[in-house]
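Participant: File name query.pdb; file contents PDB, C-alpha atoms, pLDDT in the B column; full text below.
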```
ATOM      1  CA  MET A   1       0.000   0.000   0.000  1.00 66.00           C
ATOM      2  CA  ARG A   2       1.264   3.469  -0.904  1.00 70.00           C
ATOM      3  CA  ASN A   3       2.327   5.858   1.810  1.00 81.00           C
ATOM      4  CA  ARG A   4       0.395   8.954   0.736  1.00 81.00           C
ATOM      5  CA  VAL A   5       2.068  11.162   3.340  1.00 85.00           C
ATOM      6  CA  ALA A   6       5.521  10.272   1.993  1.00 86.00           C
ATOM      7  CA  ASP A   7       4.297  10.766  -1.601  1.00 87.00           C
ATOM      8  CA  THR A   8       2.951  14.211  -0.665  1.00 90.00           C
ATOM      9  CA  GLU A   9       6.192  15.187   1.090  1.00 92.00           C
ATOM     10  CA  ARG A  10       8.221  14.178  -1.981  1.00 91.00           C
ATOM     11  CA  LEU A  11       5.769  15.980  -4.291  1.00 92.00           C
ATOM     12  CA  ILE A  12       6.198  19.195  -2.311  1.00 93.00           C
ATOM     13  CA  LYS A  13       9.999  18.939  -2.366  1.00 92.00           C
ATOM     14  CA  VAL A  14      10.091  18.226  -6.108  1.00 93.00           C
ATOM     15  CA  ILE A  15       7.701  20.984  -7.209  1.00 94.00           C
ATOM     16  CA  ILE A  16       9.426  23.605  -5.071  1.00 93.00           C
ATOM     17  CA  TYR A  17      12.879  22.477  -6.224  1.00 91.00           C
ATOM     18  CA  VAL A  18      12.064  22.480  -9.952  1.00 90.00           C
ATOM     19  CA  ARG A  19      10.287  25.853  -9.757  1.00 90.00           C
ATOM     20  CA  LYS A  20      13.188  27.518  -7.954  1.00 89.00           C
ATOM     21  CA  ASN A  21      15.771  25.799 -10.154  1.00 84.00           C
ATOM     22  CA  ALA A  22      13.967  27.142 -13.235  1.00 83.00           C
ATOM     23  CA  GLY A  23      14.217  30.647 -11.776  1.00 85.00           C
ATOM     24  CA  LEU A  24      10.435  31.034 -11.568  1.00 88.00           C
ATOM     25  CA  SER A  25       8.585  32.793  -8.787  1.00 92.00           C
ATOM     26  CA  GLN A  26       5.265  31.515  -7.487  1.00 94.00           C
ATOM     27  CA  MET A  27       3.675  34.400  -9.417  1.00 94.00           C
ATOM     28  CA  ASP A  28       5.415  33.345 -12.653  1.00 91.00           C
ATOM     29  CA  LEU A  29       4.181  29.795 -12.296  1.00 91.00           C
ATOM     30  CA  ALA A  30       0.678  30.886 -11.316  1.00 94.00           C
ATOM     31  CA  LYS A  31       0.429  32.927 -14.531  1.00 93.00           C
ATOM     32  CA  ALA A  32       1.860  30.097 -16.630  1.00 90.00           C
ATOM     33  CA  LEU A  33      -0.621  27.583 -15.213  1.00 92.00           C
ATOM     34  CA  GLY A  34      -3.599  29.932 -15.099  1.00 94.00           C
ATOM     35  CA  LYS A  35      -3.885  29.538 -11.328  1.00 95.00           C
ATOM     36  CA  SER A  36      -3.830  31.978  -8.434  1.00 95.00           C
ATOM     37  CA  VAL A  37      -0.668  32.592  -6.440  1.00 95.00           C
ATOM     38  CA  GLY A  38      -2.586  31.310  -3.427  1.00 96.00           C
ATOM     39  CA  THR A  39      -3.154  27.977  -5.171  1.00 96.00           C
ATOM     40  CA  ILE A  40       0.563  27.632  -5.931  1.00 95.00           C
ATOM     41  CA  LYS A  41       1.429  28.489  -2.321  1.00 95.00           C
ATOM     42  CA  ASN A  42      -1.112  25.977  -1.035  1.00 95.00           C
ATOM     43  CA  TRP A  43       0.279  23.198  -3.233  1.00 95.00           C
ATOM     44  CA  GLU A  44       3.823  23.997  -2.101  1.00 95.00           C
ATOM     45  CA  ASN A  45       2.657  23.880   1.525  1.00 93.00           C
ATOM     46  CA  GLY A  46       0.848  20.566   1.120  1.00 91.00           C
ATOM     47  CA  LEU A  47      -2.624  22.088   1.258  1.00 91.00           C
ATOM     48  CA  GLY A  48      -4.090  20.254  -1.703  1.00 90.00           C
ATOM     49  CA  ALA A  49      -2.107  19.140  -4.720  1.00 91.00           C
ATOM     50  CA  PRO A  50      -2.131  19.805  -8.446  1.00 93.00           C
ATOM     51  CA  ASP A  51      -4.132  17.376 -10.524  1.00 92.00           C
ATOM     52  CA  PHE A  52      -2.111  15.271 -12.944  1.00 91.00           C
ATOM     53  CA  PRO A  53      -2.453  17.592 -15.987  1.00 92.00           C
ATOM     54  CA  ALA A  54      -1.462  20.595 -13.853  1.00 93.00           C
ATOM     55  CA  LEU A  55       1.519  18.667 -12.473  1.00 93.00           C
ATOM     56  CA  LEU A  56       2.669  17.783 -15.997  1.00 91.00           C
ATOM     57  CA  GLU A  57       2.279  21.422 -17.045  1.00 91.00           C
ATOM     58  CA  TRP A  58       4.265  22.497 -13.945  1.00 92.00           C
ATOM     59  CA  PHE A  59       7.168  20.272 -14.991  1.00 91.00           C
ATOM     60  CA  ASP A  60       6.909  21.419 -18.603  1.00 87.00           C
ATOM     61  CA  ARG A  61       6.974  25.104 -17.618  1.00 87.00           C
ATOM     62  CA  CYS A  62      10.031  24.431 -15.446  1.00 87.00           C
ATOM     63  CA  GLY A  63      11.802  22.698 -18.335  1.00 83.00           C
ATOM     64  CA  VAL A  64      12.429  19.430 -16.521  1.00 85.00           C
ATOM     65  CA  ASP A  65      12.124  15.756 -17.375  1.00 84.00           C
ATOM     66  CA  THR A  66       8.569  14.792 -16.407  1.00 86.00           C
ATOM     67  CA  GLU A  67       9.357  11.090 -16.174  1.00 86.00           C
ATOM     68  CA  LYS A  68      12.329  11.727 -13.882  1.00 87.00           C
ATOM     69  CA  CYS A  69      10.270  14.000 -11.605  1.00 90.00           C
ATOM     70  CA  LEU A  70       7.381  11.546 -11.383  1.00 90.00           C
ATOM     71  CA  MET A  71       9.840   8.764 -10.583  1.00 88.00           C
ATOM     72  CA  ALA A  72      11.383  10.889  -7.805  1.00 89.00           C
ATOM     73  CA  ILE A  73       7.916  11.364  -6.306  1.00 91.00           C
ATOM     74  CA  TYR A  74       6.208   8.022  -6.811  1.00 88.00           C
ATOM     75  CA  ASP A  75       9.050   5.505  -7.237  1.00 86.00           C
ATOM     76  CA  PRO A  76      11.932   6.923  -5.181  1.00 86.00           C
ATOM     77  CA  ASP A  77      13.738   3.577  -4.936  1.00 85.00           C
ATOM     78  CA  LYS A  78      13.957   3.315  -8.719  1.00 81.00           C
ATOM     79  CA  TYR A  79      14.967   6.986  -8.901  1.00 82.00           C
ATOM     80  CA  GLU A  80      17.805   6.334  -6.455  1.00 80.00           C
ATOM     81  CA  ARG A  81      18.952   3.269  -8.419  1.00 72.00           C
ATOM     82  CA  ILE A  82      19.082   5.209 -11.687  1.00 72.00           C
ATOM     83  CA  TYR A  83      20.134   8.728 -10.734  1.00 75.00           C
ATOM     84  CA  HIS A  84      22.160   8.419  -7.507  1.00 73.00           C
ATOM     85  CA  LEU A  85      24.825   5.852  -8.210  1.00 62.00           C
ATOM     86  CA  LYS A  86      27.531   4.699  -5.862  1.00 65.00           C
ATOM     87  CA  LYS A  87      29.303   1.800  -7.597  1.00 74.00           C
ATOM     88  CA  ASP A  88      30.213   0.828 -11.145  1.00 76.00           C
ATOM     89  CA  SER A  89      27.875  -2.170 -10.941  1.00 75.00           C
ATOM     90  CA  GLU A  90      25.034   0.198 -10.047  1.00 76.00           C
ATOM     91  CA  THR A  91      25.906   2.349 -13.061  1.00 79.00           C
ATOM     92  CA  LEU A  92      25.532  -0.660 -15.354  1.00 81.00           C
ATOM     93  CA  SER A  93      22.280  -1.630 -13.672  1.00 81.00           C
ATOM     94  CA  ALA A  94      20.906   1.910 -14.063  1.00 79.00           C
ATOM     95  CA  LEU A  95      21.815   1.995 -17.745  1.00 83.00           C
ATOM     96  CA  GLN A  96      20.161  -1.365 -18.322  1.00 84.00           C
ATOM     97  CA  GLU A  97      17.040  -0.235 -16.471  1.00 82.00           C
ATOM     98  CA  TYR A  98      16.876   2.991 -18.481  1.00 81.00           C
ATOM     99  CA  LEU A  99      17.589   1.458 -21.891  1.00 87.00           C
ATOM    100  CA  LYS A 100      15.023  -1.308 -21.616  1.00 85.00           C
ATOM    101  CA  HIS A 101      12.313   1.359 -21.809  1.00 83.00           C
ATOM    102  CA  GLU A 102      13.681   3.166 -24.884  1.00 85.00           C
ATOM    103  CA  ASP A 103      12.198   2.669 -28.337  1.00 86.00           C
ATOM    104  CA  ALA A 104      13.926   0.709 -31.098  1.00 86.00           C
ATOM    105  CA  ALA A 105      14.877   3.773 -33.174  1.00 86.00           C
ATOM    106  CA  TYR A 106      16.756   5.310 -30.231  1.00 85.00           C
ATOM    107  CA  LEU A 107      18.543   2.042 -29.492  1.00 87.00           C
ATOM    108  CA  LYS A 108      19.551   1.668 -33.156  1.00 86.00           C
ATOM    109  CA  ARG A 109      21.120   5.148 -33.140  1.00 85.00           C
ATOM    110  CA  LEU A 110      22.975   4.294 -29.923  1.00 87.00           C
ATOM    111  CA  TYR A 111      24.152   1.005 -31.436  1.00 86.00           C
ATOM    112  CA  TYR A 112      25.336   2.807 -34.572  1.00 83.00           C
ATOM    113  CA  ASN A 113      27.393   5.304 -32.585  1.00 82.00           C
ATOM    114  CA  VAL A 114      29.053   2.655 -30.431  1.00 82.00           C
ATOM    115  CA  PHE A 115      29.523  -0.325 -32.760  1.00 80.00           C
ATOM    116  CA  CYS A 116      29.487   0.850 -36.388  1.00 78.00           C
ATOM    117  CA  ASP A 117      32.430   2.176 -38.357  1.00 75.00           C
ATOM    118  CA  THR A 118      31.941   5.925 -38.096  1.00 77.00           C
ATOM    119  CA  GLY A 119      35.616   6.735 -38.574  1.00 77.00           C
ATOM    120  CA  SER A 120      35.773   8.060 -35.011  1.00 81.00           C
ATOM    121  CA  ASP A 121      36.486   6.484 -31.663  1.00 82.00           C
ATOM    122  CA  TRP A 122      33.156   6.379 -29.828  1.00 81.00           C
ATOM    123  CA  HIS A 123      34.969   6.886 -26.527  1.00 83.00           C
ATOM    124  CA  ALA A 124      36.313  10.205 -27.847  1.00 85.00           C
ATOM    125  CA  GLN A 125      32.813  11.127 -29.054  1.00 85.00           C
ATOM    126  CA  LEU A 126      31.463  10.391 -25.580  1.00 85.00           C
ATOM    127  CA  ASP A 127      34.235  12.510 -24.043  1.00 86.00           C
ATOM    128  CA  MET A 128      33.344  15.330 -26.462  1.00 86.00           C
ATOM    129  CA  LEU A 129      29.671  15.072 -25.471  1.00 85.00           C
ATOM    130  CA  THR A 130      30.596  15.039 -21.773  1.00 85.00           C
ATOM    131  CA  ALA A 131      32.751  18.154 -22.195  1.00 86.00           C
ATOM    132  CA  LEU A 132      29.989  19.845 -24.185  1.00 84.00           C
ATOM    133  CA  ASN A 133      27.430  19.110 -21.456  1.00 81.00           C
ATOM    134  CA  LYS A 134      29.652  20.915 -18.924  1.00 83.00           C
ATOM    135  CA  LEU A 135      29.227  24.154 -20.904  1.00 82.00           C
ATOM    136  CA  PRO A 136      26.377  26.647 -20.480  1.00 84.00           C
ATOM    137  CA  LEU A 137      23.222  25.901 -22.488  1.00 83.00           C
ATOM    138  CA  ALA A 138      23.863  28.795 -24.909  1.00 86.00           C
ATOM    139  CA  ASP A 139      27.211  27.246 -25.898  1.00 88.00           C
ATOM    140  CA  ARG A 140      25.620  23.825 -26.384  1.00 87.00           C
ATOM    141  CA  ILE A 141      23.004  25.348 -28.683  1.00 90.00           C
ATOM    142  CA  THR A 142      25.716  26.945 -30.829  1.00 91.00           C
ATOM    143  CA  SER A 143      27.491  23.603 -31.194  1.00 90.00           C
ATOM    144  CA  ALA A 144      24.294  21.658 -31.927  1.00 90.00           C
ATOM    145  CA  GLN A 145      23.205  24.204 -34.531  1.00 91.00           C
ATOM    146  CA  ALA A 146      26.627  24.024 -36.218  1.00 92.00           C
ATOM    147  CA  TYR A 147      26.504  20.200 -36.342  1.00 89.00           C
ATOM    148  CA  LEU A 148      22.963  20.265 -37.719  1.00 90.00           C
ATOM    149  CA  ASP A 149      23.772  22.876 -40.372  1.00 92.00           C
ATOM    150  CA  ASN A 150      26.901  21.014 -41.440  1.00 91.00           C
ATOM    151  CA  PHE A 151      24.977  17.732 -41.681  1.00 90.00           C
ATOM    152  CA  LEU A 152      22.197  19.307 -43.765  1.00 91.00           C
ATOM    153  CA  ILE A 153      24.683  20.976 -46.141  1.00 92.00           C
ATOM    154  CA  ARG A 154      26.652  17.757 -46.589  1.00 89.00           C
ATOM    155  CA  GLN A 155      23.460  15.760 -47.011  1.00 88.00           C
ATOM    156  CA  ALA A 156      22.177  18.153 -49.697  1.00 90.00           C
ATOM    157  CA  ARG A 157      25.494  17.795 -51.541  1.00 90.00           C
ATOM    158  CA  GLY A 158      25.305  13.999 -51.343  1.00 86.00           C
ATOM    159  CA  GLU A 159      28.349  13.813 -49.086  1.00 87.00           C
ATOM    160  CA  VAL A 160      26.756  11.944 -46.164  1.00 84.00           C
ATOM    161  CA  LYS A 161      27.494   8.221 -46.093  1.00 76.00           C
ATOM    162  CA  ASP A 162      24.458   6.036 -46.531  1.00 68.00           C
ATOM    163  CA  ALA A 163      23.870   4.229 -43.293  1.00 65.00           C
ATOM    164  CA  PHE A 164      21.228   1.903 -41.982  1.00 67.00           C
ATOM    165  CA  ILE A 165      20.355   4.554 -39.413  1.00 78.00           C
ATOM    166  CA  GLU A 166      19.814   8.296 -39.707  1.00 83.00           C
ATOM    167  CA  PRO A 167      19.650  10.982 -37.025  1.00 87.00           C
ATOM    168  CA  ASP A 168      16.223  12.210 -35.985  1.00 88.00           C
ATOM    169  CA  LEU A 169      16.595  15.667 -37.530  1.00 90.00           C
ATOM    170  CA  LYS A 170      13.102  16.788 -36.548  1.00 91.00           C
ATOM    171  CA  HIS A 171      13.812  16.029 -32.888  1.00 88.00           C
ATOM    172  CA  LEU A 172      17.199  17.771 -33.088  1.00 90.00           C
ATOM    173  CA  GLU A 173      15.672  20.887 -34.678  1.00 92.00           C
ATOM    174  CA  GLU A 174      12.863  20.990 -32.092  1.00 90.00           C
ATOM    175  CA  SER A 175      15.385  20.565 -29.261  1.00 88.00           C
ATOM    176  CA  ILE A 176      17.542  23.412 -30.570  1.00 91.00           C
ATOM    177  CA  GLN A 177      14.497  25.691 -30.808  1.00 90.00           C
ATOM    178  CA  GLN A 178      13.313  24.776 -27.305  1.00 87.00           C
ATOM    179  CA  ALA A 179      16.820  25.299 -25.919  1.00 87.00           C
ATOM    180  CA  LYS A 180      17.026  28.736 -27.599  1.00 89.00           C
ATOM    181  CA  GLN A 181      13.707  29.678 -26.033  1.00 87.00           C
ATOM    182  CA  SER A 182      14.937  28.540 -22.606  1.00 83.00           C
ATOM    183  CA  VAL A 183      18.110  30.626 -22.934  1.00 85.00           C
ATOM    184  CA  CYS A 184      16.073  33.672 -23.954  1.00 87.00           C
ATOM    185  CA  GLU A 185      13.938  33.106 -20.841  1.00 80.00           C
ATOM    186  CA  LYS A 186      17.178  32.976 -18.803  1.00 76.00           C
ATOM    187  CA  LYS A 187      16.777  29.298 -17.916  1.00 73.00           C
ATOM    188  CA  ASP A 188      19.805  27.028 -17.578  1.00 69.00           C
ATOM    189  CA  SER A 189      18.093  23.943 -18.941  1.00 72.00           C
ATOM    190  CA  TYR A 190      15.388  22.642 -21.193  1.00 71.00           C
ATOM    191  CA  LEU A 191      13.949  19.278 -21.933  1.00 64.00           C
ATOM    192  CA  ASN A 192      12.344  18.261 -25.175  1.00 50.00           C
ATOM    193  CA  ASN A 193      10.138  15.299 -24.365  1.00 45.00           C
ATOM    194  CA  TYR A 194      11.353  12.809 -26.932  1.00 41.00           C
ATOM    195  CA  ARG A 195       8.505  10.386 -26.334  1.00 39.00           C
ATOM    196  CA  GLN A 196       5.774  12.806 -27.438  1.00 38.00           C
TER
END
```
Could I get this structure in the form of structure tokens?

Facilitator:
Amino acid sequence: MRNRVADTERLIKVIIYVRKNAGLSQMDLAKALGKSVGTIKNWENGLGAPDFPALLEWFDRCGVDTEKCLMAIYDPDKYERIYHLKKDSETLSALQEYLKHEDAAYLKRLYYNVFCDTGSDWHAQLDMLTALNKLPLADRITSAQAYLDNFLIRQARGEVKDAFIEPDLKHLEESIQQAKQSVCEKKDSYLNNYRQ
């Protein structure tokens, strides 16, 4: 049986944390959700709770991963296993847990980058991605836009190798646009929900 008190306590911590981390005031979020400031304050004080659509909108407005937030609230053990690792074996377990829920197209792109002959060492590519993710969001957008533009130019000129797998250009373009919007709103993060 679920412990509703514990769920409520975690809900309060998560919604306050993501709002503050997004740099939003209670007034900002109230306007974004079409609610009163009093309602936002009540929810953050455990006096009532947002319904599920309002909770999803809250996470969306804060630019966070909805699935990760819901897991932190309603399945904290799984959240801990995946996101708070202590040992290498736990890292492997978390990756396996995460990947078993991904769709085939995503897994094929991952497989391509790790196992296929791309002409680059995938370890170096991973190191490049890790370094890139340490930079501010505005810098990551610049890099992503440059990669996308270069790919599209080369593709139009017939210079891209035919492969059994192609990047999801629509998702990349949408992510770049959402990231630009987040930067313009002075947010440090964004999340484009890939599973939409």

Participant: What is the CA of Ala144 in chain A to CA of Lys68 in chain A distance in Å?

Facilitator: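 Those two atoms sit 23.8 Å apart.
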
Participant: Between A:Ser143, A:Arg4, A:Leu33, A:Lys186, which is the closest to Phe59 in chain A once you count only C-alpha atoms?

Facilitator: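 Of all the options, A:Leu33 lies closest to Phe59 in chain A.
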
Participant: How would you write, as a list of chain:residue names, the residues chosen by the PyMOL selection byres ((chain A and resi 69) around 10) on this structure?

Facilitator: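 Taken over the shown coordinates, the PyMOL selection byres ((chain A and resi 69) around 10) returns A:Arg10, A:Leu11, A:Val14, A:Ile15, A:Val18, A:Leu55, A:Leu56, A:Phe59, A:Val64, A:Asp65, A:Thr66, A:Glu67, A:Lys68, A:Leu70, A:Met71, A:Ala72, A:Ile73, A:Tyr74, A:Asp75, A:Pro76, A:Tyr79.
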
Participant: Write a file of the selected residues as a compact mmCIF listing (two decimals), in the coordinates of the input, keeping C-alpha atoms.

Facilitator:
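out.txt, freshly written:
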```
# COMPACT_ATOMS: atom_id res chain seq x y z
CA ARG A 10 8.22 14.18 -1.98
CA LEU A 11 5.77 15.98 -4.29
CA VAL A 14 10.09 18.23 -6.11
CA ILE A 15 7.70 20.98 -7.21
CA VAL A 18 12.06 22.48 -9.95
CA LEU A 55 1.52 18.67 -12.47
CA LEU A 56 2.67 17.78 -16.00
CA PHE A 59 7.17 20.27 -14.99
CA VAL A 64 12.43 19.43 -16.52
CA ASP A 65 12.12 15.76 -17.38
CA THR A 66 8.57 14.79 -16.41
CA GLU A 67 9.36 11.09 -16.17
CA LYS A 68 12.33 11.73 -13.88
CA LEU A 70 7.38 11.55 -11.38
CA MET A 71 9.84 8.76 -10.58
CA ALA A 72 11.38 10.89 -7.80
CA ILE A 73 7.92 11.36 -6.31
CA TYR A 74 6.21 8.02 -6.81
CA ASP A 75 9.05 5.50 -7.24
CA PRO A 76 11.93 6.92 -5.18
CA TYR A 79 14.97 6.99 -8.90
```

Participant: Report, as lines of an AutoDock Vina configuration file, the centre and edge lengths in Å (one decimal) of the axis-aligned box enclosing every listed atom of range 50-59 of chain A, padded by 4 Å on each side.

Facilitator:
```
center_x = 1.5
center_y = 18.9
center_z = -12.7
size_x = 19.3
size_y = 15.2
size_z = 16.6
```

Participant: Just the residues within 12 Å of Asn42 in chain A, please, counting all atoms listed in the file, with nothing from its chain fewer than 6 positions along; format it as a PyMOL selection string.

Facilitator: chain A and resi 12+15-16+26+30+35-36+48-50

Participant: Taking the file as I've supplied it (selection: the PyMOL selection byres ((chain A and resi 168) around 12)), which residues are included? Please answer as a list in words.

Facilitator: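 Matching residues under the PyMOL selection byres ((chain A and resi 168) around 12) are Ala105, Tyr106, Lys108, Arg109, Leu148, Phe151, Ile165, Glu166, Pro167, Leu169, Lys170, His171, Leu172, Glu173, Glu174, Ser175 and Tyr194 of chain A.
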
Participant: Pick out the closest residue to Lys180 in chain A from this set: A:Leu126, A:Leu152, A:Ile40, A:Ala138. Count all atoms listed in the file.

Facilitator: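 Of all the options, A:Ala138 lies closest to Lys180 in chain A.
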
Participant: Please report the interatomic distance between CA of Glu44 in chain A and CA of Asn3 in chain A in Å with one decimal.

Facilitator: 18.6 Å

Participant: Nearest residue to Ser182 in chain A out of A:Asp51, A:Asp103, A:Asp7, A:Asp60, using only C-alpha atoms?

Facilitator: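 With only C-alpha atoms as the atom set, the closest residue is A:Asp60.
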
Participant: Separation of CA of Val160 in chain A and CA of Ile141 in chain A, in Å?

Facilitator: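 Result for CA of Val160 in chain A versus CA of Ile141 in chain A: 22.3 Å, one decimal.
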
Participant: Which is closer to Gly23 in chain A than all the others in A:Arg2, A:Cys62, A:Ser89, A:Phe115, using all atoms listed in the file?

Facilitator: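 For Gly23 in chain A, the nearest of the candidates is A:Cys62.
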
Participant: Pick out the residues sitting within 7 Å of range 134-137 of chain A, and hand them over as a VMD selection string; count only C-alpha atoms, and ignore anything fewer than 2 positions along from it in its own chain.

Facilitator: chain A and resid 130 to 132 139 to 141 183 188 to 189

Participant: With C-alpha atoms retained, write the just-selected residues as a PDB file, keeping the file's coordinate frame.

Facilitator:
```pdb
ATOM      1  CA  THR A 130      30.596  15.039 -21.773  1.00 85.00           C
ATOM      2  CA  ALA A 131      32.751  18.154 -22.195  1.00 86.00           C
ATOM      3  CA  LEU A 132      29.989  19.845 -24.185  1.00 84.00           C
ATOM      4  CA  ASP A 139      27.211  27.246 -25.898  1.00 88.00           C
ATOM      5  CA  ARG A 140      25.620  23.825 -26.384  1.00 87.00           C
ATOM      6  CA  ILE A 141      23.004  25.348 -28.683  1.00 90.00           C
ATOM      7  CA  VAL A 183      18.110  30.626 -22.934  1.00 85.00           C
ATOM      8  CA  ASP A 188      19.805  27.028 -17.578  1.00 69.00           C
ATOM      9  CA  SER A 189      18.093  23.943 -18.941  1.00 72.00           C
TER      10      SER A 189
END
```

Participant: Since the input is missing atoms, can you rebuild N, CA and C atoms for range 18-35 of chain A and write them as a PDB file, in the frame of the given file?

Facilitator:
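Written output follows (part-v2.pdb):
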```
ATOM      1  N   VAL A  18      12.008  22.225  -8.506  1.00 90.00           N
ATOM      2  CA  VAL A  18      12.064  22.480  -9.952  1.00 90.00           C
ATOM      3  C   VAL A  18      11.645  23.908 -10.283  1.00 90.00           C
ATOM      4  N   ARG A  19      10.692  24.462  -9.519  1.00 90.00           N
ATOM      5  CA  ARG A  19      10.287  25.853  -9.757  1.00 90.00           C
ATOM      6  C   ARG A  19      11.447  26.798  -9.481  1.00 90.00           C
ATOM      7  N   LYS A  20      12.080  26.629  -8.321  1.00 89.00           N
ATOM      8  CA  LYS A  20      13.188  27.518  -7.954  1.00 89.00           C
ATOM      9  C   LYS A  20      14.376  27.327  -8.896  1.00 89.00           C
ATOM     10  N   ASN A  21      14.650  26.081  -9.256  1.00 84.00           N
ATOM     11  CA  ASN A  21      15.771  25.799 -10.154  1.00 84.00           C
ATOM     12  C   ASN A  21      15.549  26.403 -11.544  1.00 84.00           C
ATOM     13  N   ALA A  22      14.291  26.528 -11.947  1.00 83.00           N
ATOM     14  CA  ALA A  22      13.967  27.142 -13.235  1.00 83.00           C
ATOM     15  C   ALA A  22      13.981  28.671 -13.151  1.00 83.00           C
ATOM     16  N   GLY A  23      14.179  29.199 -11.947  1.00 85.00           N
ATOM     17  CA  GLY A  23      14.217  30.647 -11.776  1.00 85.00           C
ATOM     18  C   GLY A  23      12.841  31.292 -11.831  1.00 85.00           C
ATOM     19  N   LEU A  24      11.804  30.520 -11.511  1.00 88.00           N
ATOM     20  CA  LEU A  24      10.435  31.034 -11.568  1.00 88.00           C
ATOM     21  C   LEU A  24       9.935  31.354 -10.164  1.00 88.00           C
ATOM     22  N   SER A  25       9.235  32.459 -10.056  1.00 92.00           N
ATOM     23  CA  SER A  25       8.585  32.793  -8.787  1.00 92.00           C
ATOM     24  C   SER A  25       7.237  32.066  -8.746  1.00 92.00           C
ATOM     25  N   GLN A  26       6.607  32.091  -7.586  1.00 94.00           N
ATOM     26  CA  GLN A  26       5.265  31.515  -7.487  1.00 94.00           C
ATOM     27  C   GLN A  26       4.306  32.273  -8.402  1.00 94.00           C
ATOM     28  N   MET A  27       4.507  33.583  -8.529  1.00 94.00           N
ATOM     29  CA  MET A  27       3.675  34.400  -9.417  1.00 94.00           C
ATOM     30  C   MET A  27       3.868  33.985 -10.882  1.00 94.00           C
ATOM     31  N   ASP A  28       5.133  33.772 -11.285  1.00 91.00           N
ATOM     32  CA  ASP A  28       5.415  33.345 -12.653  1.00 91.00           C
ATOM     33  C   ASP A  28       4.688  32.041 -12.972  1.00 91.00           C
ATOM     34  N   LEU A  29       4.785  31.096 -12.056  1.00 91.00           N
ATOM     35  CA  LEU A  29       4.181  29.795 -12.296  1.00 91.00           C
ATOM     36  C   LEU A  29       2.660  29.881 -12.260  1.00 91.00           C
ATOM     37  N   ALA A  30       2.126  30.701 -11.376  1.00 94.00           N
ATOM     38  CA  ALA A  30       0.678  30.886 -11.316  1.00 94.00           C
ATOM     39  C   ALA A  30       0.153  31.399 -12.660  1.00 94.00           C
ATOM     40  N   LYS A  31       0.833  32.392 -13.222  1.00 93.00           N
ATOM     41  CA  LYS A  31       0.429  32.927 -14.531  1.00 93.00           C
ATOM     42  C   LYS A  31       0.537  31.867 -15.616  1.00 93.00           C
ATOM     43  N   ALA A  32       1.630  31.117 -15.610  1.00 90.00           N
ATOM     44  CA  ALA A  32       1.860  30.097 -16.630  1.00 90.00           C
ATOM     45  C   ALA A  32       0.807  28.995 -16.579  1.00 90.00           C
ATOM     46  N   LEU A  33       0.348  28.664 -15.374  1.00 92.00           N
ATOM     47  CA  LEU A  33      -0.621  27.583 -15.213  1.00 92.00           C
ATOM     48  C   LEU A  33      -2.069  28.075 -15.194  1.00 92.00           C
ATOM     49  N   GLY A  34      -2.246  29.398 -15.177  1.00 94.00           N
ATOM     50  CA  GLY A  34      -3.599  29.932 -15.099  1.00 94.00           C
ATOM     51  C   GLY A  34      -4.236  29.704 -13.731  1.00 94.00           C
ATOM     52  N   LYS A  35      -3.417  29.756 -12.703  1.00 95.00           N
ATOM     53  CA  LYS A  35      -3.885  29.538 -11.328  1.00 95.00           C
ATOM     54  C   LYS A  35      -3.574  30.784 -10.511  1.00 95.00           C
TER      55      LYS A  35
END
```
